[in-house]
Each structure stands twice: as structure tokens, then as C-alpha cells.
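Shown next: input21.txt, containing compact mmCIF, C-alpha atoms.
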```txt
# COMPACT_ATOMS: atom_id res chain seq x y z
CA MET T 854 -29.13 7.80 7.31
CA SER T 855 -26.08 6.22 8.93
CA TYR T 856 -26.19 3.34 6.42
CA LEU T 857 -26.32 5.72 3.45
CA SER T 858 -23.50 7.78 4.90
CA THR T 859 -21.34 4.66 5.29
CA VAL T 860 -22.06 3.52 1.73
CA ASN T 861 -21.25 7.01 0.45
CA ASP T 862 -17.94 6.99 2.37
CA LEU T 863 -17.02 3.57 0.97
CA VAL T 864 -17.86 4.54 -2.61
CA SER T 865 -16.00 7.84 -2.28
CA GLY T 866 -13.02 6.07 -0.74
CA SER T 867 -12.93 3.52 -3.55
CA ALA T 868 -13.10 6.25 -6.18
CA ALA T 869 -10.32 8.15 -4.42
CA GLY T 870 -8.26 4.97 -4.21
CA ALA T 871 -8.69 4.33 -7.93
CA ALA T 872 -7.63 7.91 -8.69
CA GLN T 873 -4.60 7.45 -6.45
CA VAL T 874 -3.58 4.33 -8.39
CA LEU T 875 -4.03 6.03 -11.78
CA VAL T 876 -2.01 9.09 -10.78
CA GLY T 877 0.63 7.40 -8.66
CA GLN T 878 1.31 4.16 -10.55
CA PRO T 879 4.24 5.47 -12.66
CA LEU T 880 6.04 6.70 -9.53
CA ASP T 881 5.20 3.44 -7.76
CA THR T 882 6.73 1.45 -10.62
CA ILE T 883 9.92 3.50 -10.40
CA LYS T 884 9.97 2.98 -6.61
CA THR T 885 9.41 -0.76 -6.83
CA ARG T 886 11.98 -1.32 -9.56
CA SER T 887 14.51 0.67 -7.55
CA GLN T 888 13.84 -1.69 -4.63
CA ILE T 889 13.88 -5.07 -6.41
CA ALA T 890 16.05 -4.73 -9.54
CA PRO T 891 19.21 -6.86 -9.72
CA GLU T 892 22.30 -5.04 -8.46
CA GLY T 893 23.83 -2.83 -11.14
CA MET T 894 20.77 -2.81 -13.39
CA PHE T 895 19.90 0.81 -12.60
CA LYS T 896 21.97 3.73 -11.31
CA GLY T 897 19.05 5.30 -9.47
CA PRO T 898 15.37 6.28 -9.78
CA MET T 899 15.94 8.63 -12.73
CA ASP T 900 17.81 5.86 -14.54
CA VAL T 901 14.86 3.53 -13.87
CA LEU T 902 12.61 6.08 -15.56
CA LYS T 903 14.94 6.60 -18.53
CA GLN T 904 15.56 2.91 -19.18
CA THR T 905 11.90 1.99 -18.75
CA LEU T 906 10.79 4.64 -21.23
CA ARG T 907 13.55 3.80 -23.71
CA LYS T 908 13.25 0.02 -23.64
CA GLU T 909 9.58 -0.60 -22.82
CA GLY T 910 7.72 2.63 -23.53
CA PHE T 911 5.49 4.87 -21.44
CA VAL T 912 2.83 2.20 -20.85
CA ALA T 913 5.37 0.10 -18.92
CA LEU T 914 5.17 2.66 -16.09
CA TYR T 915 1.64 1.35 -15.51
CA LYS T 916 2.69 -2.30 -15.16
CA GLY T 917 0.92 -4.02 -12.29
CA MET T 918 -1.85 -1.41 -12.15
CA ALA T 919 -4.62 -3.99 -12.69
CA SER T 920 -4.01 -5.63 -9.31
CA PRO T 921 -4.55 -2.53 -7.12
CA LEU T 922 -7.38 -1.32 -9.35
CA LEU T 923 -9.21 -4.62 -8.96
CA GLY T 924 -8.54 -4.70 -5.22
CA VAL T 925 -9.03 -1.04 -4.34
CA ALA T 926 -12.70 -1.34 -3.35
CA GLY T 927 -12.07 -4.29 -1.04
CA VAL T 928 -8.89 -2.86 0.45
CA ASN T 929 -10.40 0.57 1.11
CA SER T 930 -13.62 -0.92 2.51
CA LEU T 931 -11.67 -3.16 4.88
CA LEU T 932 -9.42 -0.29 5.96
CA PHE T 933 -12.35 2.05 6.55
CA ALA T 934 -14.37 -0.51 8.52
CA SER T 935 -11.32 -1.62 10.52
CA TYR T 936 -10.42 1.95 11.45
CA VAL T 937 -13.95 2.80 12.58
CA TYR T 938 -14.17 -0.40 14.65
CA SER T 939 -10.65 0.05 16.06
CA LYS T 940 -11.50 3.55 17.29
CA ARG T 941 -14.47 2.10 19.20
CA ILE T 942 -12.21 -0.52 20.79
CA VAL T 943 -9.57 2.04 21.77
CA SER T 944 -12.01 4.54 23.29
CA PRO T 945 -15.76 4.75 23.92
CA PHE T 946 -15.59 8.51 23.35
CA PRO T 947 -15.88 10.06 19.88
CA HIS T 948 -12.92 12.44 20.22
CA LEU T 949 -9.70 10.43 20.45
CA SER T 950 -6.29 11.73 21.42
CA LEU T 951 -3.54 11.53 18.82
CA LYS T 952 -2.00 8.63 20.74
CA GLU T 953 -5.32 6.77 20.56
CA ILE T 954 -5.60 7.64 16.86
CA ALA T 955 -2.18 6.08 16.30
CA ILE T 956 -3.21 2.86 18.07
CA ALA T 957 -6.46 2.62 16.10
CA GLY T 958 -4.61 3.32 12.85
CA GLY T 959 -2.09 0.59 13.59
CA MET T 960 -4.88 -1.88 14.33
CA ALA T 961 -6.61 -0.97 11.07
CA GLY T 962 -3.33 -1.39 9.19
CA ALA T 963 -2.87 -4.90 10.61
CA ALA T 964 -6.35 -5.88 9.46
CA ASN T 965 -5.85 -4.22 6.08
CA ALA T 966 -2.82 -6.41 5.37
CA ILE T 967 -5.12 -9.38 4.77
CA LEU T 968 -6.16 -7.92 1.42
CA ALA T 969 -3.27 -5.54 0.81
CA SER T 970 -0.68 -8.34 0.87
CA PRO T 971 -1.88 -10.30 -2.20
CA VAL T 972 -2.73 -7.10 -4.07
CA GLU T 973 0.79 -5.80 -3.46
CA MET T 974 2.42 -9.14 -4.24
CA PHE T 975 0.88 -9.40 -7.70
CA LYS T 976 1.64 -5.73 -8.40
CA VAL T 977 5.28 -6.10 -7.41
CA ARG T 978 5.76 -9.22 -9.52
CA MET T 979 4.22 -7.50 -12.56
CA GLN T 980 6.48 -4.47 -12.07
CA GLY T 981 9.50 -6.78 -11.80
CA GLN T 982 9.15 -7.81 -15.45
CA TYR T 983 11.36 -5.81 -17.78
CA GLY T 984 9.90 -6.31 -21.23
CA ALA T 985 11.27 -9.79 -22.02
CA ALA T 986 9.43 -12.23 -24.27
CA THR T 987 8.75 -14.36 -21.19
CA ASP T 988 6.83 -11.61 -19.36
CA LYS T 989 3.47 -12.85 -18.05
CA ARG T 990 0.02 -11.33 -17.81
CA LEU T 991 -1.57 -10.91 -14.40
CA ARG T 992 -3.92 -13.88 -14.82
CA ASP T 993 -1.03 -16.14 -15.87
CA LEU T 994 1.07 -14.93 -12.97
CA ALA T 995 -1.78 -15.58 -10.53
CA ARG T 996 -2.36 -19.05 -11.95
CA GLU T 997 1.35 -19.87 -11.72
CA MET T 998 1.70 -18.69 -8.11
CA TRP T 999 -1.33 -20.73 -7.06
CA ARG T 1000 -0.20 -23.83 -8.94
CA ASP T 1001 3.42 -23.77 -7.78
CA TRP T 1002 3.12 -22.46 -4.23
CA GLY T 1003 -0.51 -22.53 -3.15
CA PHE T 1004 -2.27 -19.98 -0.98
CA ARG T 1005 0.08 -19.36 1.95
CA LYS T 1006 3.46 -19.38 0.16
CA GLY T 1007 2.14 -18.12 -3.15
CA VAL T 1008 -0.85 -15.79 -3.04
CA MET T 1009 -0.09 -14.59 0.51
CA ARG T 1010 3.69 -14.43 0.14
CA GLY T 1011 5.07 -11.59 2.25
CA TYR T 1012 1.96 -11.38 4.44
CA TRP T 1013 3.76 -10.98 7.78
CA VAL T 1014 6.13 -8.39 6.37
CA THR T 1015 3.08 -6.55 5.04
CA VAL T 1016 1.52 -6.64 8.51
CA ALA T 1017 4.75 -5.26 9.99
CA LYS T 1018 4.73 -2.49 7.37
CA GLU T 1019 1.03 -1.55 7.54
CA ILE T 1020 0.93 -1.11 11.33
CA PRO T 1021 3.38 1.84 11.54
CA ALA T 1022 2.27 3.10 8.12
CA TYR T 1023 -1.35 3.67 9.08
CA ALA T 1024 -0.50 4.70 12.63
CA GLY T 1025 1.60 7.44 11.05
CA TYR T 1026 -0.94 8.27 8.36
CA TYR T 1027 -3.99 8.72 10.59
CA THR T 1028 -2.04 10.52 13.32
CA ALA T 1029 -0.53 13.04 10.90
CA PHE T 1030 -3.85 13.49 9.07
CA GLU T 1031 -5.76 14.15 12.30
CA PHE T 1032 -3.04 16.42 13.68
CA SER T 1033 -3.04 18.55 10.53
CA LYS T 1034 -6.85 18.59 10.26
CA ARG T 1035 -7.29 19.65 13.86
CA LYS T 1036 -4.81 22.48 13.41
CA PHE T 1037 -6.84 23.75 10.45
CA GLN T 1038 -10.12 23.34 12.35
CA ARG T 1039 -8.90 25.68 15.08
CA LYS T 1040 -8.67 28.42 12.47
CA TYR T 1041 -11.43 27.56 9.98
CA GLY T 1042 -13.94 25.60 12.04
CA ASP T 1043 -15.26 22.10 11.48
CA LYS T 1044 -16.20 22.69 7.83
CA LEU T 1045 -12.75 22.85 6.26
CA PRO T 1046 -12.01 24.13 2.76
CA VAL T 1047 -10.96 21.52 0.21
CA TRP T 1048 -7.36 22.72 0.15
CA ALA T 1049 -7.07 22.16 3.92
CA LEU T 1050 -8.31 18.58 3.57
CA LEU T 1051 -5.87 18.03 0.71
CA ALA T 1052 -3.04 19.44 2.80
CA SER T 1053 -4.01 17.16 5.69
CA GLY T 1054 -4.10 14.16 3.37
CA SER T 1055 -0.70 15.09 2.00
CA THR T 1056 0.72 15.31 5.52
CA GLY T 1057 -0.72 11.88 6.24
CA GLY T 1058 0.80 10.46 3.07
CA ILE T 1059 4.24 11.79 3.94
CA ALA T 1060 3.99 10.31 7.44
CA TYR T 1061 2.82 6.99 5.94
CA TRP T 1062 6.00 6.56 3.91
CA LEU T 1063 8.36 7.93 6.55
CA SER T 1064 6.94 5.37 8.98
CA CYS T 1065 7.24 2.30 6.79
CA TYR T 1066 9.63 2.74 3.85
CA PRO T 1067 12.43 0.41 5.06
CA LEU T 1068 9.84 -2.31 5.68
CA ASP T 1069 8.37 -1.65 2.24
CA ILE T 1070 11.74 -2.47 0.66
CA ILE T 1071 11.89 -5.78 2.55
CA LYS T 1072 8.28 -6.56 1.60
CA SER T 1073 8.88 -5.93 -2.09
CA ARG T 1074 11.98 -8.14 -2.15
CA VAL T 1075 10.25 -10.95 -0.28
CA GLN T 1076 7.29 -10.87 -2.65
CA GLN T 1077 9.50 -10.75 -5.76
CA ARG T 1078 11.63 -13.77 -4.79
CA GLN T 1079 11.47 -16.79 -7.09
CA VAL T 1080 11.00 -19.08 -4.08
CA PRO T 1081 9.37 -18.37 -0.71
CA PRO T 1082 11.83 -17.15 1.94
CA THR T 1083 12.73 -19.49 4.77
CA GLY T 1084 13.31 -18.70 8.42
CA LYS T 1085 11.57 -16.22 10.69
CA PRO T 1086 10.11 -12.95 9.35
CA TRP T 1087 12.69 -10.84 11.21
CA GLN T 1088 15.45 -12.69 9.36
CA TYR T 1089 14.29 -11.32 5.98
CA ILE T 1090 16.36 -8.19 6.51
CA ASN T 1091 19.47 -10.32 6.00
```
Taking this structure as input, can you express it in the form of C-alpha cells?
Amino acid sequence: MSYLSTVNDLVSGSAAGAAQVLVGQPLDTIKTRSQIAPEGMFKGPMDVLKQTLRKEGFVALYKGMASPLLGVAGVNSLLFASYVYSKRIVSPFPHLSLKEIAIAGGMAGAANAILASPVEMFKVRMQGQYGAATDKRLRDLAREMWRDWGFRKGVMRGYWVTVAKEIPAYAGYYTAFEFSKRKFQRKYGDKLPVWALLASGSTGGIAYWLSCYPLDIIKSRVQQRQVPPTGKPWQYIN
């Protein structure tokens, strides 16, 4: 029964992740282009949207979607398994405090970066193409990164920045989600209505981005660079 429950959770999580990509990709493209575009190219997020629609069409808002869609099952499975295992490491008891939830979430985020980093890197580099004749497909981009830079400096470019981002991101996400869910459970019991779970997930999502957005900007710029950055990871901010 436990095995079937785990499989069901993984399948449900992958389906939810795919839905998240499909719904959120246009906003993610606007976010990423705002972070990595050359200075003066856009006046702000709304200008990113206007110029993208005018010059490249609506479909351009979904650039880079193939990478997270292909990786969503692996990323979500790794995150789920890492979080469950991390909670067991943090505490032998089933009910964790919010502080313990934060620690377990951070540990899961660090593990999740192993798959999230290349998925994000390819997505960012696809989104950083602005409709020129030289724009590449995902497979060509992947082949080029492997050929020119190899695994560590190519496919895994920005890995340590991704680790630094995912730790506070998932510490914030799981803590806010659990905090909100527990508040609802005090009023509605353990079997929460769907809207309460959605509200808890939304709270977690807000906390995710509040916890990591500056690091996300650094990550996107590192991964978009034409050549691998040099120096220590903490020097990337310069």
C-alpha cells in the first residue's frame, strides 16, 4: 500500500509540475528576459511582453518550455524523495516543527539542484534567444554546450548558484506551505477542502520566490553567459 501511495504521489506531482510549466511558462519567459536581456533592450516586464508579442509572436512566450517539461518527472521525483528522506534525518518523529520543516526543505532543495540546474540552464538559454535567424533548437543548443564546454562547465553551468538558490527557496516553500496548512487544519480538520490546499500552495509559492529571487537573477545570468564564469561562486554577484 505504501509503494502504491508513493507511486501515486510521484505521478500526481509530475502531472502538477507539467501543469505548472504550461500555465506559468509565459510569465517565466518575461521574468527571465527581464533578468538577462542586454541593458537598454527592454524598459520593464510589460515592455518585454509587448516586444516579444510584436516581434516574435505569442508562441515565443513558451520558448524553453521543452526543457522543464522533459525534466519535470525527474525533478519532482528527486525533490519528493529528498524531502521525505530529509525529514527522517532531521527528526525521527512524524510531526516536525516549522524550524525542522525549513531544514528538511533546504536539504531537499540542495539535492534537487542536481537535476534542476541543467533543466534551468537549457531553459534560460532558449529564452535568451530573441527571434534571430541564428536561434537554435534545444537539441542543437544541448549538443553545442556539450561539445564546447563539456559536462561541468557546459551542461552543469550555474550548478553552485542553483544550489545556493534552491536551499532558501524550498526552505521557504515548505515552511510557508506547512504553516498555512496547519492553520487551516485547526479550523477544518485533517481533511482540507481543495481551496485550502490551493491557498497553502500559493502561500508556499510566494515564500519560494521571496526567499530566492536575488539568487535567481544571478543564476540566470551565469547560465546565459557565452563563456563559463571564473572565480569563486560568491564573486558572481559582481
Exercise. In Å, how far is it from CA of Ala985 (chain T) to CA of Glu909 (chain T)?
Worked result: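 So the answer is 9.4 Å.
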- Which one of T:Ser920, T:Asn929, T:Ser1073, T:Ser865 sits closest to Gly981 (chain T) if you count all atoms listed in the file?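 Result for the nearest residue to Gly981 (chain T): T:Ser1073.
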Nearest to Ile1059 (chain T), restricted to all atoms listed in the file and choosing among T:Thr1028, T:Gln1079, T:Ser935, T:Ser887, comes out as T:Thr1028
